[in-house]
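Structure below is upload.cif: mmCIF, C-alpha atoms.
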```cif
data_my_file
#
loop_
_atom_site.label_atom_id
_atom_site.label_comp_id
_atom_site.auth_asym_id
_atom_site.auth_seq_id
_atom_site.Cartn_x
_atom_site.Cartn_y
_atom_site.Cartn_z
CA MET A 340 172.43 245.93 184.89
CA SER A 341 171.09 242.38 185.29
CA PRO A 342 170.81 239.95 182.34
CA VAL A 343 167.01 240.31 182.48
CA GLU A 344 167.27 244.11 182.27
CA ASN A 345 169.58 243.75 179.26
CA GLU A 346 166.85 241.84 177.42
CA LEU A 347 164.25 244.57 177.88
CA PRO A 348 163.62 247.05 175.08
CA PRO A 349 165.20 250.39 176.00
CA PRO A 350 162.99 253.13 177.43
CA PRO A 351 162.53 256.39 175.52
CA ASP A 352 165.64 258.58 175.57
CA VAL A 353 164.32 261.50 177.61
CA THR A 354 167.18 262.03 180.07
CA GLY A 355 168.15 265.68 180.08
CA THR A 356 164.82 266.93 178.78
CA VAL A 357 164.41 270.49 180.02
CA LEU A 358 161.31 271.12 182.13
CA ASP A 359 161.73 274.87 182.64
CA GLY A 360 158.24 276.25 182.75
CA SER A 361 156.24 279.28 183.62
CA SER A 362 155.67 281.04 186.90
CA TYR A 363 153.38 279.92 189.71
CA THR A 364 151.74 282.21 192.24
CA ILE A 365 150.58 280.68 195.50
CA ASP A 366 146.92 281.55 195.75
CA VAL A 367 145.21 282.32 199.07
CA GLU A 368 142.22 280.11 198.27
CA ALA A 369 144.33 277.17 197.09
CA ASN A 370 146.37 277.45 200.30
CA ARG A 371 143.17 277.42 202.36
CA ILE A 372 141.82 274.33 200.60
CA ILE A 373 145.11 272.48 200.94
CA CYS A 374 145.39 273.32 204.63
CA GLU A 375 141.80 272.48 205.54
CA SER A 376 141.65 269.25 203.54
CA SER A 377 144.83 268.00 205.21
CA GLY A 378 143.79 268.72 208.78
CA THR A 379 145.19 272.16 209.57
CA THR A 380 144.50 275.87 209.15
CA PRO A 381 146.42 278.43 207.08
CA ALA A 382 149.39 280.01 208.87
CA GLN A 383 148.85 283.56 210.09
CA ASP A 384 152.37 284.74 209.18
CA GLY A 385 151.88 284.59 205.39
CA THR A 386 153.79 281.38 204.85
CA ALA A 387 152.21 278.82 202.56
CA HIS A 388 151.75 275.16 203.36
CA PRO A 389 155.11 273.46 202.70
CA ILE A 390 153.46 271.00 200.30
CA PHE A 391 153.30 273.85 197.75
CA ALA A 392 156.87 272.83 196.93
CA LEU A 393 155.31 269.84 195.16
CA VAL A 394 152.20 271.64 193.94
CA ALA A 395 154.00 274.65 192.42
CA THR A 396 156.69 272.59 190.71
CA GLN A 397 154.15 270.18 189.24
CA VAL A 398 151.78 272.86 187.98
CA GLY A 399 154.47 275.31 186.84
CA MET A 400 156.78 272.98 184.93
CA LYS A 401 156.84 273.11 181.14
CA TYR A 402 154.60 270.08 180.68
CA SER A 403 151.46 268.86 182.40
CA VAL A 404 151.79 265.52 184.19
CA GLY A 405 150.04 263.88 181.25
CA GLU A 406 152.41 265.51 178.75
CA LEU A 407 155.47 264.63 180.83
CA LEU A 408 154.41 261.00 180.93
CA ALA A 409 153.61 261.08 177.21
CA LEU A 410 157.25 262.09 176.59
CA CYS A 411 158.09 258.84 178.38
CA GLU A 412 155.63 257.08 176.03
CA PHE A 413 153.33 256.36 178.96
CA ASP A 414 149.61 256.98 179.08
CA VAL A 415 148.49 258.77 182.25
CA ALA A 416 145.38 256.54 182.19
CA ASP A 417 147.56 253.49 182.86
CA GLY A 418 148.08 254.36 186.53
CA PRO A 419 151.41 256.13 187.15
CA MET A 420 152.45 256.10 190.82
CA MET A 421 154.57 258.58 192.72
CA ALA A 422 157.27 256.52 194.46
CA GLY A 423 159.06 259.18 196.47
CA CYS A 424 160.54 262.62 196.60
CA GLU A 425 163.11 264.72 198.38
CA ILE A 426 162.43 268.40 198.95
CA VAL A 427 164.95 270.95 200.21
CA TYR A 428 163.82 274.44 201.22
CA GLN A 429 166.13 277.46 201.23
CA GLU A 430 163.30 279.44 202.78
CA PRO A 431 159.58 279.00 203.48
CA LEU A 432 157.22 279.55 200.54
CA ARG A 433 154.85 282.48 200.89
CA VAL A 434 151.22 283.02 199.90
CA GLY A 435 150.91 285.60 197.13
CA GLU A 436 154.51 285.20 196.02
CA THR A 437 155.34 284.21 192.43
CA TYR A 438 157.97 281.59 191.68
CA SER A 439 159.50 280.53 188.38
CA VAL A 440 159.95 276.83 187.75
CA ARG A 441 163.04 275.19 186.23
CA GLY A 442 163.93 271.55 185.92
CA ARG A 443 165.01 268.55 183.89
CA ILE A 444 164.44 264.83 183.58
CA GLU A 445 167.35 263.14 185.33
CA SER A 446 166.68 259.56 184.25
CA LEU A 447 164.20 257.02 182.90
CA ILE A 448 165.26 253.49 183.79
CA ARG A 449 163.46 250.30 182.72
CA LYS A 450 163.33 247.38 185.15
CA PRO A 451 161.52 244.07 185.55
CA SER A 452 159.05 243.89 188.43
CA LYS A 453 157.45 240.78 189.92
CA ARG A 454 154.27 242.72 190.72
CA LEU A 455 154.04 245.16 187.83
CA GLY A 456 155.73 243.30 184.96
CA ILE A 457 157.99 245.81 183.23
CA MET A 458 158.17 249.20 184.88
CA ASP A 459 159.98 252.43 184.19
CA LEU A 460 161.43 254.56 186.98
CA LEU A 461 161.25 258.26 186.16
CA THR A 462 163.34 260.76 188.12
CA HIS A 463 163.04 264.48 187.55
CA ARG A 464 164.36 267.55 189.35
CA LEU A 465 162.31 270.73 189.67
CA GLU A 466 163.29 274.00 191.32
CA LEU A 467 161.41 277.11 192.40
CA TYR A 468 163.07 280.52 192.10
CA ARG A 469 161.93 283.80 193.60
CA GLU A 470 161.48 286.84 191.40
CA ASP A 471 164.92 288.11 192.50
CA GLY A 472 166.44 284.93 191.03
CA SER A 473 167.28 283.21 194.31
CA LEU A 474 166.55 279.53 194.77
CA ALA A 475 163.69 278.82 197.16
CA VAL A 476 163.09 275.08 196.80
CA SER A 477 164.50 272.07 194.99
CA ALA A 478 162.49 268.89 194.53
CA VAL A 479 163.59 265.52 193.19
CA ASN A 480 160.63 263.31 192.33
CA ASN A 481 160.50 259.61 191.54
CA TRP A 482 157.63 257.98 189.68
CA VAL A 483 156.87 254.36 188.83
CA LEU A 484 155.34 253.82 185.39
CA PRO A 485 153.94 250.26 185.22
CA ARG A 486 154.12 248.98 181.65
CA GLY A 487 151.70 246.14 182.39
CA VAL A 488 153.60 243.37 180.58
CA LYS A 489 154.73 240.52 182.77
CA SER A 490 158.43 239.80 182.32
CA MET B 809 164.64 271.32 225.60
CA ILE B 810 163.40 268.77 223.09
CA GLN B 811 165.34 265.54 223.09
CA ALA B 812 165.75 262.63 220.71
CA GLY B 813 162.93 260.19 221.24
CA HIS B 814 160.33 262.93 221.77
CA GLU B 815 157.04 261.54 220.49
CA ILE B 816 155.03 263.65 218.08
CA ARG B 817 151.32 263.69 218.83
CA PRO B 818 149.53 261.65 216.16
CA LEU B 819 147.27 263.38 213.66
CA ARG B 820 144.28 261.25 212.71
CA ILE B 821 142.26 261.73 209.52
CA ASP B 822 139.05 259.71 209.56
CA PRO B 823 137.82 259.21 206.96
CA VAL B 824 139.83 260.28 203.93
CA LYS B 825 137.30 261.91 201.62
CA ALA B 826 136.99 261.58 197.85
CA SER B 827 135.83 265.21 197.66
CA TRP B 828 139.27 266.35 198.85
CA MET B 829 140.89 264.38 196.04
CA ARG B 830 138.76 266.26 193.52
CA ASP B 831 139.91 269.58 195.05
CA TRP B 832 143.55 268.52 194.94
CA ALA B 833 143.26 267.20 191.38
CA GLU B 834 142.14 270.68 190.35
CA ILE B 835 144.88 272.45 192.30
CA LEU B 836 147.54 270.02 191.06
CA GLN B 837 146.11 270.10 187.52
CA ASP B 838 146.49 266.34 187.72
CA PRO B 839 144.52 264.39 185.12
CA ASN B 840 145.26 261.01 186.69
CA GLU B 841 141.83 259.40 186.95
CA ILE B 842 142.86 257.02 189.76
CA HIS B 843 142.09 259.97 192.06
CA LEU B 844 138.64 260.49 190.56
CA ASP B 845 137.26 257.28 189.08
CA ALA B 846 136.82 254.24 191.35
CA ASP B 847 135.81 252.08 188.36
CA LEU B 848 139.19 252.77 186.75
CA VAL B 849 140.98 251.87 189.99
CA ARG B 850 139.15 248.53 189.97
CA ARG B 851 139.89 247.91 186.27
CA LEU B 852 143.61 248.57 186.88
CA GLY B 853 143.59 246.14 189.79
CA LEU B 854 144.77 248.85 192.18
CA GLY B 855 141.92 248.63 194.68
CA HIS B 856 138.25 249.45 195.07
CA GLU B 857 138.09 253.16 195.85
CA VAL B 858 139.71 256.29 194.47
CA ILE B 859 143.34 256.74 195.54
CA ASN B 860 144.53 259.73 197.54
CA GLN B 861 147.17 261.94 195.91
CA GLY B 862 150.70 261.40 197.23
CA PRO B 863 151.17 265.08 198.15
CA LEU B 864 147.96 265.00 200.20
CA ASN B 865 149.26 262.01 202.16
CA ILE B 866 152.54 263.84 202.73
CA SER B 867 150.63 266.89 203.99
CA TYR B 868 149.14 264.88 206.87
CA VAL B 869 152.64 264.05 208.09
CA ILE B 870 153.92 267.61 207.72
CA ASN B 871 150.88 268.86 209.63
CA ALA B 872 151.47 266.47 212.53
CA ALA B 873 155.01 267.82 212.90
CA MET B 874 153.98 271.46 212.51
CA GLN B 875 151.24 271.06 215.12
CA GLU B 876 153.78 269.56 217.52
CA PHE B 877 156.27 272.36 216.90
CA PRO B 878 154.32 275.58 216.13
CA GLY B 879 156.40 278.22 214.38
CA ALA B 880 158.92 275.70 213.06
CA THR B 881 160.02 275.91 209.45
CA VAL B 882 160.49 272.87 207.25
CA GLU B 883 164.03 272.61 205.88
CA ARG B 884 163.82 269.28 204.11
CA PHE B 885 161.75 266.16 203.73
CA ALA B 886 162.37 262.85 202.05
CA VAL B 887 159.46 260.54 201.38
CA ARG B 888 159.06 256.95 200.29
CA LEU B 889 155.54 256.06 199.21
CA LEU B 890 154.91 252.51 200.39
CA GLY B 891 151.24 252.01 199.69
CA ASN B 892 148.02 253.62 198.66
CA VAL B 893 145.47 255.49 200.75
CA TYR B 894 141.88 255.14 199.55
CA ALA B 895 138.72 257.12 200.05
CA GLY B 896 137.16 255.93 203.30
CA ASP B 897 140.46 254.96 204.92
CA CYS B 898 141.38 256.07 208.42
CA VAL B 899 144.99 257.26 208.51
CA THR B 900 147.24 258.49 211.31
CA ALA B 901 150.40 260.54 210.89
CA TYR B 902 152.88 259.71 213.61
CA GLY B 903 156.56 260.02 214.44
CA LYS B 904 159.29 260.97 216.85
CA VAL B 905 162.34 263.17 216.97
CA ALA B 906 165.40 261.18 215.92
CA GLU B 907 168.10 263.86 216.17
CA VAL B 908 168.47 267.25 217.83
CA GLU B 909 171.14 269.69 216.70
CA VAL B 910 171.62 273.10 218.31
CA ILE B 911 172.79 275.68 215.79
CA SER B 912 173.57 279.08 217.30
CA THR B 913 170.20 280.36 218.52
CA SER B 914 168.07 277.77 216.77
CA THR B 915 167.51 274.04 216.92
CA ARG B 916 167.32 271.59 214.04
CA LEU B 917 165.11 268.56 214.56
CA THR B 918 165.22 265.49 212.35
CA CYS B 919 162.04 263.46 212.71
CA ASP B 920 161.32 259.89 211.63
CA MET B 921 157.68 259.82 210.64
CA GLY B 922 155.10 257.68 208.94
CA LEU B 923 151.52 257.48 207.81
CA ALA B 924 149.66 254.50 209.26
CA VAL B 925 146.59 253.15 207.49
CA GLU B 926 144.09 251.32 209.65
CA GLY B 927 144.01 247.64 208.71
CA ARG B 928 146.94 247.79 206.29
CA THR B 929 150.64 248.58 206.21
CA ASP B 930 151.98 252.14 206.37
CA ALA B 931 151.49 254.28 203.29
CA LEU B 932 154.49 256.57 203.83
CA SER B 933 157.90 256.68 205.41
CA VAL B 934 159.14 260.25 205.90
CA THR B 935 162.29 261.87 207.22
CA LEU B 936 161.45 265.48 208.04
CA THR B 937 163.89 268.17 209.13
CA LEU B 938 162.57 271.23 210.95
CA ARG B 939 164.22 274.39 212.25
CA LEU B 940 163.00 275.91 215.53
CA ASN B 941 164.07 279.48 216.25
#
```

Would it be possible to restate this file's structure as structure tokens?
Amino acid sequence: MSPVENELPPPPDVTGTVLDGSSYTIDVEANRIICESSGTTPAQDGTAHPIFALVATQVGMKYSVGELLALCEFDVADGPMMAGCEIVYQEPLRVGETYSVRGRIESLIRKPSKRLGIMDLLTHRLELYREDGSLAVSAVNNWVLPRGVKS
Amino acid sequence: MIQAGHEIRPLRIDPVKASWMRDWAEILQDPNEIHLDADLVRRLGLGHEVINQGPLNISYVINAAMQEFPGATVERFAVRLLGNVYAGDCVTAYGKVAEVEVISTSTRLTCDMGLAVEGRTDALSVTLTLRLN
């Protein structure tokens, strides 16, 4: 940690917060909208668009995006930005199938930023499980939360 | 046989539409107003038009790869978001095969991909791994 980072007030202690949520069923109509708005057509073999890995985990986790950010003492109106993600599929997601969502906050790190002032880097892991309990997808997401105070 | 260096046909989206962002906000249950309210985007100093959702940008890249390799399944993708895409932008998903690995009766392709934004720097850098049976 740099001397500047040491001088920053610590971020909220949210590491380890459990994000296990409810179930998410991939809807035919949602799949159609996602496919058509992104320049393709729904697959004919019953598989869902792969981006449902992000959609289902975000919608099905314990908290809404706004609530998750509130845990980090960040207002969703202040412009959070997705910085990156890594998704690993054990199998393709399927339309009509129901997945349960589990996850946790892995870290919240505060850093100085020349462009954003102080910013927090939020990393959380979310996983989708089939009804038989097998893992279908894991997703690690990184968000930038600009605090808006120049360091 | 596909080889490393194989170019993926670009997928062009022109223009990116604000109405799609409203649809995705509903599907994502995402209350972030930067996707819905251009005035807020301006007040935050983030630009002049509503900002496309990150997953929607990623979808363009996945679709370019899936259209190049019909029937492939996505095994993994890693994304760095480098910039914003705004309503009205023209974007192009592009890429090429970086590695080819034959595994029994199937082939694993690792693709280096990106999302170009006309007039600005790329919005995404993506490493996408596909399996072809």

TODO: Return the neighbours of chain B among the residues of chain A, cut-off 9 Å, counting only C-alpha atoms, as a ChimeraX atom specification.
DONE: /A:369,372-374,376-379,388-390,393-395,397-398,403-405,415-431

Open item on the list: Taking only C-alpha atoms into account, name the residue in A:Val434, A:Leu410, A:Met400, A:Val483 that is nearest to Asp366 of chain A.
Closed with: A:Val434

Open item on the list: Between atom CA of Ala812 of chain B and atom CA of Val908 of chain B, what distance in Å does the model show, to one decimal?
Closed with: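 Answer for the atom CA of Ala812 of chain B to atom CA of Val908 of chain B separation: 6.1 Å.
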